[in-house]
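S.K.: Got data.cif for you, mmCIF, C-alpha atoms and all ligand atoms:
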data_data
#
loop_
_atom_site.label_atom_id
_atom_site.label_comp_id
_atom_site.auth_asym_id
_atom_site.auth_seq_id
_atom_site.Cartn_x
_atom_site.Cartn_y
_atom_site.Cartn_z
CA MET A 1 80.52 106.62 101.33
CA ASN A 2 82.07 104.62 98.48
CA ASP A 3 83.88 101.48 99.58
CA PRO A 4 87.29 100.77 98.03
CA VAL A 5 86.71 98.96 94.75
CA SER A 6 89.16 96.19 95.46
CA LYS A 7 91.07 94.61 98.30
CA SER A 8 94.80 95.05 98.77
CA PRO A 9 97.42 94.35 101.45
CA VAL A 10 98.48 98.00 101.27
CA ALA A 11 96.25 101.06 101.58
CA ILE A 12 97.58 104.47 100.62
CA LEU A 13 95.42 107.22 102.08
CA MET A 14 96.02 110.95 101.68
CA GLY A 15 94.43 113.99 103.25
CA SER A 16 93.66 115.77 99.99
CA ALA A 17 93.79 115.28 96.23
CA SER A 18 96.57 117.90 96.35
CA ASP A 19 98.76 115.21 98.00
CA HIS A 20 98.49 112.97 94.92
CA ASP A 21 101.54 114.52 93.17
CA VAL A 22 103.69 113.16 95.99
CA MET A 23 101.75 110.03 96.93
CA GLN A 24 101.62 108.70 93.37
CA HIS A 25 105.29 107.80 93.85
CA ALA A 26 104.30 105.39 96.62
CA ARG A 27 101.70 103.80 94.35
CA GLU A 28 104.15 103.56 91.42
CA THR A 29 106.76 101.93 93.63
CA LEU A 30 104.30 99.37 94.98
CA ARG A 31 103.18 98.58 91.44
CA GLN A 32 106.80 97.87 90.48
CA PHE A 33 106.59 95.03 93.01
CA GLY A 34 103.27 93.76 91.70
CA ILE A 35 101.14 95.32 94.47
CA ASP A 36 98.19 97.44 93.40
CA PRO A 37 97.26 99.38 96.54
CA ILE A 38 93.97 100.83 97.68
CA TYR A 39 94.54 104.51 96.83
CA ARG A 40 92.20 107.23 97.96
CA VAL A 41 91.64 110.54 99.70
CA ALA A 42 90.55 110.26 103.34
CA SER A 43 91.03 113.30 105.55
CA ALA A 44 91.52 113.01 109.31
CA HIS A 45 89.79 116.35 109.79
CA ARG A 46 87.27 116.54 106.95
CA THR A 47 86.19 112.88 106.74
CA PRO A 48 86.95 111.46 110.19
CA GLY A 49 84.22 108.82 109.79
CA LEU A 50 85.75 107.48 106.57
CA VAL A 51 89.21 107.27 108.13
CA ALA A 52 87.81 105.45 111.17
CA LYS A 53 85.88 103.06 108.92
CA LEU A 54 88.85 102.16 106.69
CA ALA A 55 91.30 101.82 109.58
CA GLY A 56 88.88 100.13 111.96
CA ASN A 57 87.75 97.54 109.39
CA SER A 58 91.12 96.89 107.73
CA GLU A 59 90.60 93.09 107.71
CA ASP A 60 87.47 93.51 105.56
CA TYR A 61 89.61 95.21 102.90
CA GLY A 62 92.56 92.80 103.18
CA ILE A 63 94.75 95.66 104.41
CA LYS A 64 97.93 94.71 106.28
CA ILE A 65 99.82 98.01 106.09
CA PHE A 66 98.69 101.64 105.83
CA ILE A 67 100.63 104.44 104.18
CA ALA A 68 99.30 107.89 105.05
CA GLY A 69 100.30 111.15 103.35
CA ALA A 70 99.23 114.47 104.81
CA GLY A 71 100.48 118.02 105.05
CA GLY A 72 100.23 120.90 107.50
CA ALA A 73 98.49 119.78 110.70
CA ALA A 74 99.16 116.26 109.50
CA HIS A 75 97.15 114.02 111.81
CA LEU A 76 96.09 111.38 109.28
CA ALA A 77 98.72 108.75 110.06
CA GLY A 78 98.18 109.11 113.79
CA VAL A 79 94.40 108.88 113.52
CA ILE A 80 94.70 105.75 111.37
CA ALA A 81 97.07 104.26 113.95
CA ALA A 82 94.53 105.02 116.68
CA HIS A 83 92.02 102.74 114.94
CA THR A 84 94.19 99.76 113.92
CA VAL A 85 97.09 97.56 114.99
CA CYS A 86 98.31 97.32 111.38
CA PRO A 87 101.65 99.10 110.85
CA VAL A 88 101.17 102.73 109.73
CA ILE A 89 103.80 104.59 107.72
CA GLY A 90 103.43 108.37 107.62
CA VAL A 91 104.58 110.52 104.71
CA PRO A 92 104.86 114.24 105.56
CA ILE A 93 103.78 116.35 102.57
CA THR A 94 105.50 119.62 101.69
CA SER A 95 103.39 122.48 103.01
CA ALA A 96 103.34 126.22 103.70
CA LEU A 97 106.14 125.61 106.22
CA ASP A 98 108.17 123.48 103.78
CA GLY A 99 106.84 120.28 105.34
CA LEU A 100 108.42 120.80 108.75
CA ASP A 101 104.96 121.18 110.30
CA SER A 102 103.83 117.99 108.53
CA LEU A 103 106.94 116.12 109.66
CA LEU A 104 106.55 117.09 113.31
CA SER A 105 102.78 116.45 113.31
CA THR A 106 103.35 112.98 111.88
CA VAL A 107 106.43 111.87 113.79
CA GLN A 108 105.70 113.11 117.30
CA MET A 109 103.30 110.36 118.35
CA PRO A 110 102.64 109.60 122.00
CA GLY A 111 104.26 106.40 123.30
CA GLY A 112 101.89 103.48 122.70
CA ILE A 113 100.55 104.43 119.26
CA PRO A 114 103.41 104.16 116.74
CA VAL A 115 103.68 105.76 113.31
CA ALA A 116 106.78 104.97 111.26
CA THR A 117 107.57 108.33 109.70
CA VAL A 118 109.63 108.71 106.54
CA ALA A 119 111.19 111.74 104.81
CA ILE A 120 109.17 114.73 103.60
CA GLY A 121 107.85 114.49 100.03
CA LYS A 122 108.71 112.25 97.09
CA ALA A 123 111.63 110.38 98.71
CA GLY A 124 109.41 109.64 101.69
CA ALA A 125 106.57 108.39 99.50
CA LYS A 126 108.92 106.06 97.65
CA ASN A 127 110.51 104.80 100.87
CA ALA A 128 107.11 104.29 102.50
CA ALA A 129 106.24 101.90 99.68
CA LEU A 130 109.60 100.12 99.95
CA LEU A 131 109.14 99.74 103.71
CA ALA A 132 105.70 98.25 103.14
CA VAL A 133 107.18 95.79 100.65
CA GLU A 134 109.92 94.90 103.14
CA MET A 135 107.27 94.19 105.80
CA LEU A 136 105.30 91.97 103.43
CA ALA A 137 108.52 90.26 102.30
CA ILE A 138 109.09 88.91 105.83
CA ASN A 139 106.66 86.13 104.91
CA ASP A 140 107.01 86.18 101.12
CA SER A 141 110.23 84.90 99.53
CA GLU A 142 109.17 86.03 96.03
CA LEU A 143 108.83 89.62 97.25
CA ARG A 144 112.15 89.30 99.08
CA ASN A 145 113.87 88.29 95.83
CA LYS A 146 112.28 91.24 94.05
CA LEU A 147 113.68 93.54 96.75
CA LEU A 148 117.15 92.02 96.37
CA ASN A 149 116.95 92.55 92.58
CA PHE A 150 115.80 96.13 93.10
CA ARG A 151 118.81 96.82 95.33
CA LYS A 152 121.15 95.23 92.77
CA GLU A 153 119.72 97.33 89.93
CA GLN A 154 120.01 100.47 92.05
CA GLU A 155 123.62 99.64 92.84
CA GLU A 156 124.45 99.04 89.18
CA LYS A 157 122.82 102.33 88.19
CA ILE A 158 125.01 104.26 90.63
CA ILE A 159 128.17 102.39 89.63
CA ASN A 160 127.49 103.07 85.93
CA THR A 161 126.65 106.74 86.37
CA SER A 162 128.88 109.02 84.36
CA LEU A 163 129.05 112.73 85.07
CA PRO A 164 129.46 115.50 82.46
CA GLU A 165 133.09 116.50 81.73
C1 LIG B 201 96.07 118.37 104.58
O1 LIG B 201 96.02 119.70 104.21
C2 LIG B 201 96.21 117.61 103.29
O2 LIG B 201 96.89 116.40 103.54
C3 LIG B 201 97.00 118.53 102.41
O3 LIG B 201 98.39 118.21 102.42
C4 LIG B 201 96.79 119.89 103.05
C5 LIG B 201 96.11 120.87 102.12
O4 LIG B 201 94.86 120.32 101.69
P1 LIG B 201 94.02 121.05 100.55
O5 LIG B 201 93.74 122.42 101.04
O6 LIG B 201 94.90 121.05 99.32
O7 LIG B 201 92.79 120.20 100.35
O8 LIG B 201 94.91 117.98 105.25
#
Translate this structure into structure tokens?

M.R.:
Amino acid sequence: MNDPVSKSPVAILMGSASDHDVMQHARETLRQFGIDPIYRVASAHRTPGLVAKLAGNSEDYGIKIFIAGAGGAAHLAGVIAAHTVCPVIGVPITSALDGLDSLLSTVQMPGGIPVATVAIGKAGAKNAALLAVEMLAINDSELRNKLLNFRKEQEEKIINTSLPE
């Protein structure tokens, strides 16, 4: 098994390369805040050993927060959460059942092993990254200021939006 090439406070794992189209939005968003995440495929079902290794040895990789994208029988976020006390954010990926299966598989965790689940697809991937930044910003005033600027820019964009006549 290849180890991640570099350390990062955020690890984005996904069940398949087919999840990349959605999960790249989480990586892009983190990069906007100066965080280059660990970013790789690790499947709960097809590479259970790899998932257990990454989640169970998170300190070795500098990981503080996991973001997990998976579709269908989406157990990745829950399996990661089983192996770590780092916060885990689950992104349900659109699937054969429009992502409803992914959403329910990710969100319906048993009491005691939490997964913070965001919206299905691109919006969820983006928000997962923003949530991770918000968690890191609790102890990082520079990141907090970046978040405040981001909100301000977003607000200005909406205020200045003009619609076609
Ligand atoms: C899940 O099955 C993956 O997260 C992906 O969303 C879905 C389909 O995987 P592939 O068949 O594209 O590899 O485990």

S.K.: Could you give me the axis-aligned bounding box of ligand LIG 201 (chain B), with 5 Å of padding per side, as centre plus edge lengths in Å to one decimal, as AutoDock Vina command-line options?

M.R.:
--center_x 95.6 --center_y 119.4 --center_z 102.3 --size_x 15.6 --size_y 16.0 --size_z 15.9

S.K.: I'd like a table as a Markdown table: residues in region 55-155 of chain A with an atom no more than 12 Å from region 38-46 of chain A, each row giving the shortest atom pair and its distance in Å to one decimal, all atoms listed in the file counted, sorted by chain and rising residue number.

M.R.:
| residue | atom | partner | partner_atom | distance |
| --- | --- | --- | --- | --- |
| A:Ala55 | CA | A:Ala42 | CA | 10.5 |
| A:Ser58 | CA | A:Ile38 | CA | 11.2 |
| A:Tyr61 | CA | A:Ile38 | CA | 8.8 |
| A:Gly62 | CA | A:Ile38 | CA | 9.8 |
| A:Ile63 | CA | A:Ile38 | CA | 8.5 |
| A:Lys64 | CA | A:Ile38 | CA | 11.3 |
| A:Ile65 | CA | A:Ile38 | CA | 10.6 |
| A:Phe66 | CA | A:Ile38 | CA | 9.5 |
| A:Ile67 | CA | A:Tyr39 | CA | 9.5 |
| A:Ala68 | CA | A:Ala42 | CA | 9.2 |
| A:Gly69 | CA | A:Val41 | CA | 9.4 |
| A:Ala70 | CA | A:Ser43 | CA | 8.3 |
| A:Gly71 | CA | A:Ser43 | CA | 10.6 |
| A:Gly72 | CA | A:His45 | CA | 11.6 |
| A:Ala73 | CA | A:His45 | CA | 9.4 |
| A:Ala74 | CA | A:Ala44 | CA | 8.3 |
| A:His75 | CA | A:Ala44 | CA | 6.2 |
| A:Leu76 | CA | A:Ala44 | CA | 4.9 |
| A:Ala77 | CA | A:Ala44 | CA | 8.4 |
| A:Gly78 | CA | A:Ala44 | CA | 8.9 |
| A:Val79 | CA | A:Ala44 | CA | 6.6 |
| A:Ile80 | CA | A:Ala44 | CA | 8.2 |
| A:Ala81 | CA | A:Ala44 | CA | 11.4 |
| A:Ala82 | CA | A:Ala44 | CA | 11.3 |
| A:His83 | CA | A:Ala44 | CA | 11.7 |

S.K.: Mind dumping the selected residues with C-alpha atoms as a PDB file, keeping the file's coordinate frame?

M.R.:
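Wrote it out as again.pdb, contents follow:
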ATOM      1  CA  ALA A  55      91.300 101.820 109.580  1.00  0.00           C
ATOM      2  CA  SER A  58      91.120  96.890 107.730  1.00  0.00           C
ATOM      3  CA  TYR A  61      89.610  95.210 102.900  1.00  0.00           C
ATOM      4  CA  GLY A  62      92.560  92.800 103.180  1.00  0.00           C
ATOM      5  CA  ILE A  63      94.750  95.660 104.410  1.00  0.00           C
ATOM      6  CA  LYS A  64      97.930  94.710 106.280  1.00  0.00           C
ATOM      7  CA  ILE A  65      99.820  98.010 106.090  1.00  0.00           C
ATOM      8  CA  PHE A  66      98.690 101.640 105.830  1.00  0.00           C
ATOM      9  CA  ILE A  67     100.630 104.440 104.180  1.00  0.00           C
ATOM     10  CA  ALA A  68      99.300 107.890 105.050  1.00  0.00           C
ATOM     11  CA  GLY A  69     100.300 111.150 103.350  1.00  0.00           C
ATOM     12  CA  ALA A  70      99.230 114.470 104.810  1.00  0.00           C
ATOM     13  CA  GLY A  71     100.480 118.020 105.050  1.00  0.00           C
ATOM     14  CA  GLY A  72     100.230 120.900 107.500  1.00  0.00           C
ATOM     15  CA  ALA A  73      98.490 119.780 110.700  1.00  0.00           C
ATOM     16  CA  ALA A  74      99.160 116.260 109.500  1.00  0.00           C
ATOM     17  CA  HIS A  75      97.150 114.020 111.810  1.00  0.00           C
ATOM     18  CA  LEU A  76      96.090 111.380 109.280  1.00  0.00           C
ATOM     19  CA  ALA A  77      98.720 108.750 110.060  1.00  0.00           C
ATOM     20  CA  GLY A  78      98.180 109.110 113.790  1.00  0.00           C
ATOM     21  CA  VAL A  79      94.400 108.880 113.520  1.00  0.00           C
ATOM     22  CA  ILE A  80      94.700 105.750 111.370  1.00  0.00           C
ATOM     23  CA  ALA A  81      97.070 104.260 113.950  1.00  0.00           C
ATOM     24  CA  ALA A  82      94.530 105.020 116.680  1.00  0.00           C
ATOM     25  CA  HIS A  83      92.020 102.740 114.940  1.00  0.00           C
TER      26      HIS A  83
END

S.K.: Considering all atoms listed in the file, state which residue in the set A:Ser105, A:Asn149, A:Ser16, A:Ser8 is at the smallest distance from Gln32 (chain A).

M.R.: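 Ranking A:Ser105, A:Asn149, A:Ser16, A:Ser8 by distance to Gln32 (chain A), first place goes to A:Asn149.
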
S.K.: From the options A:Leu131, A:Ala119, A:Val10, A:Ala17, which residue's atoms come nearest to ligand LIG 201 (chain B), counting all atoms listed in the file?

M.R.: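 Checking each candidate against ligand LIG 201 (chain B), we get A:Ala17 as the closest.
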
S.K.: What is the CA of Gly56 (chain A) to atom C5 of ligand LIG 201 (chain B) distance in Å?

M.R.: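 Atom C5 of ligand LIG 201 (chain B) lies 24.1 Å from CA of Gly56 (chain A).
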
S.K.: To one decimal place, how far is CA of Asn57 (chain A) from CA of Thr84 (chain A) in Å?

M.R.: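 We find that CA of Asn57 (chain A) and CA of Thr84 (chain A) lie 8.2 Å from each other.
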
S.K.: Show me the residues close to (103.9, 100.3, 96.6) - anything with an atom within 8 Å, counting only C-alpha atoms - and format the list as a short mmCIF file (atom, residue, chain, number, x, y, z; two decimals) with C-alpha atoms, in the coordinates of the input.

M.R.:
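The result, stored in point.cif:
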data_model
loop_
_atom_site.label_atom_id
_atom_site.label_comp_id
_atom_site.auth_asym_id
_atom_site.auth_seq_id
_atom_site.Cartn_x
_atom_site.Cartn_y
_atom_site.Cartn_z
CA VAL A 10 98.48 98.00 101.27
CA ALA A 26 104.30 105.39 96.62
CA ARG A 27 101.70 103.80 94.35
CA GLU A 28 104.15 103.56 91.42
CA THR A 29 106.76 101.93 93.63
CA LEU A 30 104.30 99.37 94.98
CA ARG A 31 103.18 98.58 91.44
CA GLN A 32 106.80 97.87 90.48
CA PHE A 33 106.59 95.03 93.01
CA ILE A 35 101.14 95.32 94.47
CA ASP A 36 98.19 97.44 93.40
CA PRO A 37 97.26 99.38 96.54
CA LYS A 126 108.92 106.06 97.65
CA ALA A 128 107.11 104.29 102.50
CA ALA A 129 106.24 101.90 99.68
CA LEU A 130 109.60 100.12 99.95
CA ALA A 132 105.70 98.25 103.14
CA VAL A 133 107.18 95.79 100.65
#

S.K.: As a PDB file, in the frame of the given file, please: region 10-21 of chain A completed to all heavy atoms.

M.R.:
ATOM      1  N   VAL A  10      97.986  96.660 100.923  1.00  0.00           N
ATOM      2  CA  VAL A  10      98.480  98.000 101.270  1.00  0.00           C
ATOM      3  C   VAL A  10      97.430  99.050 100.901  1.00  0.00           C
ATOM      4  O   VAL A  10      96.899  99.040  99.784  1.00  0.00           O
ATOM      5  CB  VAL A  10      99.805  98.337 100.544  1.00  0.00           C
ATOM      6  CG1 VAL A  10     100.333  99.698 100.993  1.00  0.00           C
ATOM      7  CG2 VAL A  10     100.858  97.257 100.798  1.00  0.00           C
ATOM      8  N   ALA A  11      97.148  99.932 101.844  1.00  0.00           N
ATOM      9  CA  ALA A  11      96.250 101.060 101.580  1.00  0.00           C
ATOM     10  C   ALA A  11      97.057 102.351 101.671  1.00  0.00           C
ATOM     11  O   ALA A  11      97.739 102.590 102.669  1.00  0.00           O
ATOM     12  CB  ALA A  11      95.110 101.091 102.582  1.00  0.00           C
ATOM     13  N   ILE A  12      96.980 103.135 100.602  1.00  0.00           N
ATOM     14  CA  ILE A  12      97.580 104.470 100.620  1.00  0.00           C
ATOM     15  C   ILE A  12      96.438 105.463 100.762  1.00  0.00           C
ATOM     16  O   ILE A  12      95.572 105.561  99.875  1.00  0.00           O
ATOM     17  CB  ILE A  12      98.353 104.767  99.314  1.00  0.00           C
ATOM     18  CG1 ILE A  12      99.499 103.762  99.122  1.00  0.00           C
ATOM     19  CG2 ILE A  12      98.884 106.202  99.319  1.00  0.00           C
ATOM     20  CD1 ILE A  12     100.248 103.938  97.801  1.00  0.00           C
ATOM     21  N   LEU A  13      96.430 106.182 101.864  1.00  0.00           N
ATOM     22  CA  LEU A  13      95.420 107.220 102.080  1.00  0.00           C
ATOM     23  C   LEU A  13      96.134 108.574 102.099  1.00  0.00           C
ATOM     24  O   LEU A  13      97.293 108.672 102.525  1.00  0.00           O
ATOM     25  CB  LEU A  13      94.675 107.003 103.396  1.00  0.00           C
ATOM     26  CG  LEU A  13      94.034 105.622 103.614  1.00  0.00           C
ATOM     27  CD1 LEU A  13      93.260 105.612 104.938  1.00  0.00           C
ATOM     28  CD2 LEU A  13      93.124 105.239 102.458  1.00  0.00           C
ATOM     29  N   MET A  14      95.429 109.606 101.650  1.00  0.00           N
ATOM     30  CA  MET A  14      96.020 110.950 101.680  1.00  0.00           C
ATOM     31  C   MET A  14      94.941 111.956 102.072  1.00  0.00           C
ATOM     32  O   MET A  14      93.752 111.746 101.780  1.00  0.00           O
ATOM     33  CB  MET A  14      96.674 111.302 100.346  1.00  0.00           C
ATOM     34  CG  MET A  14      95.733 111.409  99.176  1.00  0.00           C
ATOM     35  SD  MET A  14      96.537 111.048  97.601  1.00  0.00           S
ATOM     36  CE  MET A  14      96.416 109.247  97.571  1.00  0.00           C
ATOM     37  N   GLY A  15      95.374 113.031 102.698  1.00  0.00           N
ATOM     38  CA  GLY A  15      94.430 113.990 103.250  1.00  0.00           C
ATOM     39  C   GLY A  15      93.683 114.801 102.227  1.00  0.00           C
ATOM     40  O   GLY A  15      92.605 115.331 102.502  1.00  0.00           O
ATOM     41  N   SER A  16      94.268 114.932 101.030  1.00  0.00           N
ATOM     42  CA  SER A  16      93.660 115.770  99.990  1.00  0.00           C
ATOM     43  C   SER A  16      94.139 115.289  98.626  1.00  0.00           C
ATOM     44  O   SER A  16      95.233 114.699  98.518  1.00  0.00           O
ATOM     45  CB  SER A  16      94.104 117.227 100.200  1.00  0.00           C
ATOM     46  OG  SER A  16      93.769 118.014  99.077  1.00  0.00           O
ATOM     47  N   ALA A  17      93.351 115.587  97.605  1.00  0.00           N
ATOM     48  CA  ALA A  17      93.790 115.280  96.230  1.00  0.00           C
ATOM     49  C   ALA A  17      95.091 116.025  95.912  1.00  0.00           C
ATOM     50  O   ALA A  17      95.867 115.586  95.062  1.00  0.00           O
ATOM     51  CB  ALA A  17      92.701 115.652  95.238  1.00  0.00           C
ATOM     52  N   SER A  18      95.338 117.134  96.608  1.00  0.00           N
ATOM     53  CA  SER A  18      96.570 117.900  96.350  1.00  0.00           C
ATOM     54  C   SER A  18      97.818 117.119  96.802  1.00  0.00           C
ATOM     55  O   SER A  18      98.939 117.489  96.453  1.00  0.00           O
ATOM     56  CB  SER A  18      96.520 119.271  97.042  1.00  0.00           C
ATOM     57  OG  SER A  18      96.463 119.115  98.448  1.00  0.00           O
ATOM     58  N   ASP A  19      97.629 116.050  97.572  1.00  0.00           N
ATOM     59  CA  ASP A  19      98.760 115.210  98.000  1.00  0.00           C
ATOM     60  C   ASP A  19      99.131 114.162  96.943  1.00  0.00           C
ATOM     61  O   ASP A  19     100.156 113.488  97.077  1.00  0.00           O
ATOM     62  CB  ASP A  19      98.424 114.478  99.313  1.00  0.00           C
ATOM     63  CG  ASP A  19      98.116 115.439 100.452  1.00  0.00           C
ATOM     64  OD1 ASP A  19      98.733 116.512 100.508  1.00  0.00           O
ATOM     65  OD2 ASP A  19      97.244 115.104 101.279  1.00  0.00           O
ATOM     66  N   HIS A  20      98.289 114.028  95.925  1.00  0.00           N
ATOM     67  CA  HIS A  20      98.490 112.970  94.920  1.00  0.00           C
ATOM     68  C   HIS A  20      99.837 113.085  94.198  1.00  0.00           C
ATOM     69  O   HIS A  20     100.482 112.062  93.923  1.00  0.00           O
ATOM     70  CB  HIS A  20      97.332 112.987  93.908  1.00  0.00           C
ATOM     71  CG  HIS A  20      97.640 112.287  92.627  1.00  0.00           C
ATOM     72  ND1 HIS A  20      97.715 110.906  92.534  1.00  0.00           N
ATOM     73  CD2 HIS A  20      97.937 112.765  91.384  1.00  0.00           C
ATOM     74  CE1 HIS A  20      98.023 110.573  91.290  1.00  0.00           C
ATOM     75  NE2 HIS A  20      98.170 111.678  90.582  1.00  0.00           N
ATOM     76  N   ASP A  21     100.266 114.334  93.900  1.00  0.00           N
ATOM     77  CA  ASP A  21     101.540 114.520  93.170  1.00  0.00           C
ATOM     78  C   ASP A  21     102.690 113.800  93.884  1.00  0.00           C
ATOM     79  O   ASP A  21     103.581 113.260  93.233  1.00  0.00           O
ATOM     80  CB  ASP A  21     101.892 116.006  93.056  1.00  0.00           C
ATOM     81  CG  ASP A  21     101.176 116.654  91.888  1.00  0.00           C
ATOM     82  OD1 ASP A  21     100.505 115.928  91.129  1.00  0.00           O
ATOM     83  OD2 ASP A  21     101.284 117.887  91.745  1.00  0.00           O
TER      84      ASP A  21
END
